[in-house]
$ cat data-v2.cif   # mmCIF, C-alpha atoms
data_final
loop_
_atom_site.label_atom_id
_atom_site.label_comp_id
_atom_site.auth_asym_id
_atom_site.auth_seq_id
_atom_site.Cartn_x
_atom_site.Cartn_y
_atom_site.Cartn_z
CA MET A 1 193.53 -6.92 3.09
CA THR A 2 191.31 -4.10 1.82
CA ASP A 3 187.93 -3.53 3.50
CA PRO A 4 185.29 -4.61 0.95
CA THR A 5 182.98 -1.75 1.98
CA THR A 6 185.41 0.99 0.97
CA TRP A 7 187.64 1.86 -1.96
CA ASP A 8 191.14 0.59 -2.62
CA PRO A 9 193.24 3.60 -1.57
CA ALA A 10 195.57 3.05 -4.55
CA ALA A 11 192.76 3.03 -7.13
CA PRO A 12 192.56 5.93 -9.60
CA GLY A 13 190.59 8.93 -8.36
CA VAL A 14 190.45 7.82 -4.73
CA LEU A 15 190.97 10.59 -2.18
CA ARG A 16 191.92 9.70 1.39
CA LEU A 17 190.64 12.22 3.89
CA PRO A 18 192.61 12.93 7.07
CA SER A 19 190.22 10.68 9.03
CA GLY A 20 191.06 7.79 6.70
CA ARG A 21 187.72 7.86 4.90
CA LEU A 22 187.98 7.22 1.17
CA LEU A 23 185.99 8.87 -1.61
CA ARG A 24 186.31 8.35 -5.34
CA GLY A 25 186.09 11.27 -7.72
CA ARG A 26 185.67 10.76 -11.44
CA GLY A 27 184.45 12.22 -14.69
CA LEU A 28 181.27 10.75 -16.12
CA SER A 29 182.55 11.45 -19.63
CA ARG A 30 185.05 8.62 -19.13
CA PRO A 31 184.29 4.90 -18.77
CA LEU A 32 183.50 3.48 -15.35
CA PRO A 33 186.82 2.50 -13.74
CA PRO A 34 187.50 -1.20 -13.20
CA GLY A 35 186.88 -2.67 -9.78
CA PRO A 36 183.98 -2.48 -7.38
CA GLN A 37 181.01 -0.25 -8.05
CA PRO A 38 179.99 2.54 -5.71
CA SER A 39 177.42 1.94 -3.00
CA PHE A 40 176.37 5.59 -3.33
CA GLY A 41 177.07 8.26 -5.91
CA LEU A 42 176.77 12.03 -5.67
CA TYR A 43 176.40 13.50 -9.15
CA LEU A 44 177.07 17.18 -9.78
CA LEU A 45 175.49 18.10 -13.09
CA GLY A 46 173.34 20.76 -14.71
CA HIS A 47 170.78 18.07 -15.64
CA PRO A 48 169.61 14.85 -13.96
CA PRO A 49 172.05 11.98 -14.53
CA ARG A 50 171.17 8.67 -16.10
CA GLN A 51 170.18 5.83 -13.79
CA PHE A 52 172.96 3.85 -12.17
CA GLY A 53 173.01 0.39 -10.62
CA TRP A 54 173.49 1.93 -7.15
CA GLU A 55 171.85 4.52 -4.96
CA SER A 56 172.57 8.07 -6.04
CA ARG A 57 171.80 11.71 -5.42
CA TRP A 58 171.85 14.59 -7.88
CA VAL A 59 172.90 18.14 -7.09
CA ARG A 60 171.94 20.60 -9.82
CA TRP A 61 175.26 22.24 -10.62
CA PRO A 62 175.92 23.70 -14.08
CA ASP A 63 179.42 23.26 -15.53
CA PHE A 64 181.99 25.87 -14.37
CA ARG A 65 179.48 27.33 -11.91
CA LEU A 66 178.29 26.80 -8.35
CA PRO A 67 175.45 24.64 -7.02
CA ALA A 68 172.01 26.00 -7.89
CA ASP A 69 170.82 25.31 -4.32
CA ARG A 70 173.67 25.71 -1.85
CA ALA A 71 171.68 24.33 1.09
CA ASP A 72 170.91 21.16 -0.88
CA ALA A 73 174.57 20.88 -1.87
CA ALA A 74 175.71 21.27 1.74
CA ASP A 75 173.26 18.55 2.79
CA ALA A 76 174.54 16.29 -0.02
CA PHE A 77 178.17 16.88 1.05
CA ARG A 78 177.29 15.91 4.64
CA GLU A 79 175.51 12.78 3.40
CA ALA A 80 178.48 11.75 1.25
CA TRP A 81 180.91 12.35 4.11
CA ARG A 82 178.75 10.40 6.58
CA ARG A 83 178.25 7.48 4.20
CA SER A 84 181.95 7.32 3.29
CA ALA A 85 182.65 5.94 6.76
CA THR A 86 181.12 2.58 5.78
CA GLU A 87 180.33 2.71 2.05
CA ARG A 88 182.03 3.20 -1.32
CA VAL A 89 181.01 6.77 -2.18
CA GLU A 90 181.85 8.41 -5.49
CA LEU A 91 181.46 12.01 -6.56
CA ALA A 92 181.33 12.85 -10.23
CA CYS A 93 180.64 15.59 -12.73
CA ALA A 94 181.27 15.48 -16.48
CA GLY A 95 185.04 15.99 -16.35
CA GLY A 96 185.81 15.08 -12.74
CA ARG A 97 187.78 18.23 -11.90
CA GLY A 98 185.87 21.47 -11.29
CA ARG A 99 182.61 20.50 -9.62
CA THR A 100 183.95 17.18 -8.33
CA GLY A 101 187.08 18.84 -6.91
CA THR A 102 184.99 21.60 -5.31
CA ALA A 103 182.70 19.02 -3.67
CA LEU A 104 185.70 16.98 -2.49
CA ALA A 105 187.20 20.14 -0.96
CA ALA A 106 183.90 20.86 0.82
CA ILE A 107 183.86 17.31 2.20
CA ALA A 108 187.51 17.62 3.24
CA ILE A 109 186.45 20.63 5.35
CA LEU A 110 183.79 18.45 7.01
CA ASP A 111 186.59 15.99 7.76
CA GLY A 112 188.71 18.64 9.49
CA VAL A 113 190.81 20.22 6.76
CA PRO A 114 190.84 24.02 7.30
CA ALA A 115 188.85 25.85 4.61
CA THR A 116 191.95 27.86 3.69
CA GLU A 117 193.80 24.60 2.89
CA ALA A 118 191.01 22.47 1.38
CA VAL A 119 191.64 23.30 -2.29
CA ALA A 120 195.37 22.64 -1.91
CA TYR A 121 194.61 19.37 -0.11
CA VAL A 122 192.38 18.14 -2.94
CA ARG A 123 194.87 19.26 -5.58
CA ALA A 124 197.70 17.45 -3.79
CA HIS A 125 195.79 14.22 -3.12
CA TYR A 126 193.23 13.97 -5.93
CA ASP A 127 193.95 16.07 -9.05
CA ARG A 128 196.28 19.03 -9.42
CA HIS A 129 193.69 20.75 -11.65
CA ALA A 130 190.77 20.29 -9.26
CA VAL A 131 188.57 23.28 -8.41
CA GLU A 132 188.79 25.08 -11.73
CA THR A 133 187.33 28.56 -11.31
CA PRO A 134 187.93 31.51 -8.96
CA TRP A 135 184.31 31.36 -7.76
CA GLN A 136 184.66 27.65 -6.97
CA ARG A 137 187.75 28.48 -4.87
CA ARG A 138 185.85 31.30 -3.09
CA PHE A 139 182.91 28.94 -2.49
CA VAL A 140 185.24 26.51 -0.70
CA ALA A 141 186.99 29.26 1.28
CA ARG A 142 183.65 30.58 2.54
CA LEU A 143 182.59 27.18 3.86
CA GLY A 144 184.95 27.47 6.81
#
$ encode --input "data-v2.cif" --output "structure tokens"
Amino acid sequence: MTDPTTWDPAAPGVLRLPSGRLLRGRGLSRPLPPGPQPSFGLYLLGHPPRQFGWESRWVRWPDFRLPADRADAADAFREAWRRSATERVELACAGGRGRTGTALAAIAILDGVPATEAVAYVRAHYDRHAVETPWQRRFVARLG
């Protein structure tokens, strides 16, 4: 039986961290996936997102770039990681690959994945095209 406070590990976009915590990544340009709604969402966009029916946090992060405020982003990653222990947490940008993959890699580092392996981990377990730009890859590598 699946824990009702977390994601179904087999659901699309769900990333299992080494600790067993589950996070869902997705692209906001696509429809909301079927199934339970998030308890908390971390939205990585160049502009404030629309309102959702759940608690959320916005990190100003223009497409194909890095977070505008890296300290705020680091705090948001820690919050998402902490909350994923007992809540359904989703991370999303417009397409669900570059910014979302970069944030998932940062959270994987918080969960114990070495910074040098975090991008490969997210590509293997979330989306093979995650973390799209060289500067996003360097951002992740420097978090270690």
$ residues_around --input "data-v2.cif" --residues "Val140 in chain A" --least-positions-apart "2" --cutoff "12 Å" --atoms "all atoms listed in the file" --output "ChimeraX atom specification"
/A:66-67,70,74,98-99,101-110,113-122,130-138,142-144
$ resolve_selection --input "data-v2.cif" --expression "the PyMOL selection byres ((chain A and resi 31-41) around 9)" --output "mmCIF file with C-alpha atoms, keeping the file's coordinate frame"
data_model
loop_
_atom_site.group_PDB
_atom_site.id
_atom_site.type_symbol
_atom_site.label_atom_id
_atom_site.label_comp_id
_atom_site.auth_asym_id
_atom_site.auth_seq_id
_atom_site.Cartn_x
_atom_site.Cartn_y
_atom_site.Cartn_z
ATOM 1 C CA PRO A 4 185.290 -4.610 0.950
ATOM 2 C CA THR A 5 182.980 -1.750 1.980
ATOM 3 C CA THR A 6 185.410 0.990 0.970
ATOM 4 C CA TRP A 7 187.640 1.860 -1.960
ATOM 5 C CA ASP A 8 191.140 0.590 -2.620
ATOM 6 C CA ALA A 11 192.760 3.030 -7.130
ATOM 7 C CA PRO A 12 192.560 5.930 -9.600
ATOM 8 C CA ARG A 24 186.310 8.350 -5.340
ATOM 9 C CA ARG A 26 185.670 10.760 -11.440
ATOM 10 C CA GLY A 27 184.450 12.220 -14.690
ATOM 11 C CA LEU A 28 181.270 10.750 -16.120
ATOM 12 C CA SER A 29 182.550 11.450 -19.630
ATOM 13 C CA ARG A 30 185.050 8.620 -19.130
ATOM 14 C CA LEU A 42 176.770 12.030 -5.670
ATOM 15 C CA TYR A 43 176.400 13.500 -9.150
ATOM 16 C CA PHE A 52 172.960 3.850 -12.170
ATOM 17 C CA GLY A 53 173.010 0.390 -10.620
ATOM 18 C CA TRP A 54 173.490 1.930 -7.150
ATOM 19 C CA GLU A 55 171.850 4.520 -4.960
ATOM 20 C CA SER A 56 172.570 8.070 -6.040
ATOM 21 C CA ARG A 57 171.800 11.710 -5.420
ATOM 22 C CA TRP A 58 171.850 14.590 -7.880
ATOM 23 C CA ALA A 80 178.480 11.750 1.250
ATOM 24 C CA ARG A 83 178.250 7.480 4.200
ATOM 25 C CA SER A 84 181.950 7.320 3.290
ATOM 26 C CA GLU A 87 180.330 2.710 2.050
ATOM 27 C CA ARG A 88 182.030 3.200 -1.320
ATOM 28 C CA VAL A 89 181.010 6.770 -2.180
ATOM 29 C CA GLU A 90 181.850 8.410 -5.490
ATOM 30 C CA LEU A 91 181.460 12.010 -6.560
ATOM 31 C CA ALA A 92 181.330 12.850 -10.230
#
$ closest_residue --input "data-v2.cif" --among "A:Ala94, A:Asp63, A:Leu44, A:Gly20" --to "Ala76 in chain A" --atoms "all atoms listed in the file"
A:Leu44
$ closest_residue --input "data-v2.cif" --among "A:Ala10, A:Cys93, A:Leu23, A:Ala71" --to "Pro48 in chain A" --atoms "all atoms listed in the file"
A:Cys93
$ atom_distance --input "data-v2.cif" --atom1 "CA of Gly25 in chain A" --atom2 "CA of Asp75 in chain A"
18.1 Å
$ residues_around --input "data-v2.cif" --residues "His47 in chain A" --least-positions-apart "5" --cutoff "8 Å" --atoms "only C-alpha atoms" --output "list in words"
Arg60, Trp61 and Pro62 of chain A
$ atom_distance --input "data-v2.cif" --atom1 "CA of Thr86 in chain A" --atom2 "CA of Leu45 in chain A"
25.1 Å
$ atom_distance --input "data-v2.cif" --atom1 "CA of Val14 in chain A" --atom2 "CA of His125 in chain A"
8.5 Å
$ closest_residue --input "data-v2.cif" --among "A:Ala124, A:Arg97, A:Ser19, A:Gln51" --to "Arg82 in chain A" --atoms "only C-alpha atoms"
A:Ser19
$ decode --input "data-v2.cif" --residues "range 116-131 of chain A" --atoms "N, CA and C atoms" --output "PDB file, in the first residue's frame"
ATOM      1  N   THR A 116      29.414  15.572  -7.999  1.00  0.00           N
ATOM      2  CA  THR A 116      29.952  15.143  -9.296  1.00  0.00           C
ATOM      3  C   THR A 116      29.066  14.107  -9.981  1.00  0.00           C
ATOM      4  N   GLU A 117      28.118  13.510  -9.247  1.00  0.00           N
ATOM      5  CA  GLU A 117      27.244  12.482  -9.798  1.00  0.00           C
ATOM      6  C   GLU A 117      25.775  12.904  -9.867  1.00  0.00           C
ATOM      7  N   ALA A 118      25.453  14.088  -9.358  1.00  0.00           N
ATOM      8  CA  ALA A 118      24.052  14.492  -9.208  1.00  0.00           C
ATOM      9  C   ALA A 118      23.334  14.645 -10.547  1.00  0.00           C
ATOM     10  N   VAL A 119      23.976  15.245 -11.537  1.00  0.00           N
ATOM     11  CA  VAL A 119      23.323  15.406 -12.837  1.00  0.00           C
ATOM     12  C   VAL A 119      23.054  14.031 -13.457  1.00  0.00           C
ATOM     13  N   ALA A 120      24.024  13.158 -13.414  1.00  0.00           N
ATOM     14  CA  ALA A 120      23.840  11.809 -13.964  1.00  0.00           C
ATOM     15  C   ALA A 120      22.733  11.066 -13.217  1.00  0.00           C
ATOM     16  N   TYR A 121      22.654  11.252 -11.918  1.00  0.00           N
ATOM     17  CA  TYR A 121      21.609  10.597 -11.122  1.00  0.00           C
ATOM     18  C   TYR A 121      20.226  11.051 -11.587  1.00  0.00           C
ATOM     19  N   VAL A 122      20.055  12.353 -11.737  1.00  0.00           N
ATOM     20  CA  VAL A 122      18.754  12.890 -12.158  1.00  0.00           C
ATOM     21  C   VAL A 122      18.439  12.458 -13.588  1.00  0.00           C
ATOM     22  N   ARG A 123      19.428  12.449 -14.454  1.00  0.00           N
ATOM     23  CA  ARG A 123      19.189  12.003 -15.830  1.00  0.00           C
ATOM     24  C   ARG A 123      18.821  10.519 -15.881  1.00  0.00           C
ATOM     25  N   ALA A 124      19.394   9.721 -15.015  1.00  0.00           N
ATOM     26  CA  ALA A 124      19.101   8.283 -15.009  1.00  0.00           C
ATOM     27  C   ALA A 124      17.745   7.964 -14.377  1.00  0.00           C
ATOM     28  N   HIS A 125      17.330   8.773 -13.399  1.00  0.00           N
ATOM     29  CA  HIS A 125      16.132   8.434 -12.625  1.00  0.00           C
ATOM     30  C   HIS A 125      14.946   9.365 -12.829  1.00  0.00           C
ATOM     31  N   TYR A 126      15.156  10.460 -13.569  1.00  0.00           N
ATOM     32  CA  TYR A 126      14.049  11.403 -13.804  1.00  0.00           C
ATOM     33  C   TYR A 126      13.827  11.640 -15.301  1.00  0.00           C
ATOM     34  N   ASP A 127      14.802  12.248 -15.968  1.00  0.00           N
ATOM     35  CA  ASP A 127      14.680  12.576 -17.395  1.00  0.00           C
ATOM     36  C   ASP A 127      16.077  12.654 -17.984  1.00  0.00           C
ATOM     37  N   ARG A 128      16.312  11.910 -19.045  1.00  0.00           N
ATOM     38  CA  ARG A 128      17.661  11.866 -19.622  1.00  0.00           C
ATOM     39  C   ARG A 128      18.115  13.201 -20.209  1.00  0.00           C
ATOM     40  N   HIS A 129      17.178  14.144 -20.373  1.00  0.00           N
ATOM     41  CA  HIS A 129      17.532  15.473 -20.894  1.00  0.00           C
ATOM     42  C   HIS A 129      17.574  16.540 -19.800  1.00  0.00           C
ATOM     43  N   ALA A 130      17.459  16.127 -18.557  1.00  0.00           N
ATOM     44  CA  ALA A 130      17.449  17.083 -17.447  1.00  0.00           C
ATOM     45  C   ALA A 130      18.779  17.829 -17.342  1.00  0.00           C
ATOM     46  N   VAL A 131      18.718  19.031 -16.837  1.00  0.00           N
ATOM     47  CA  VAL A 131      19.871  19.923 -16.666  1.00  0.00           C
ATOM     48  C   VAL A 131      20.418  20.234 -18.067  1.00  0.00           C
TER      49      VAL A 131
END
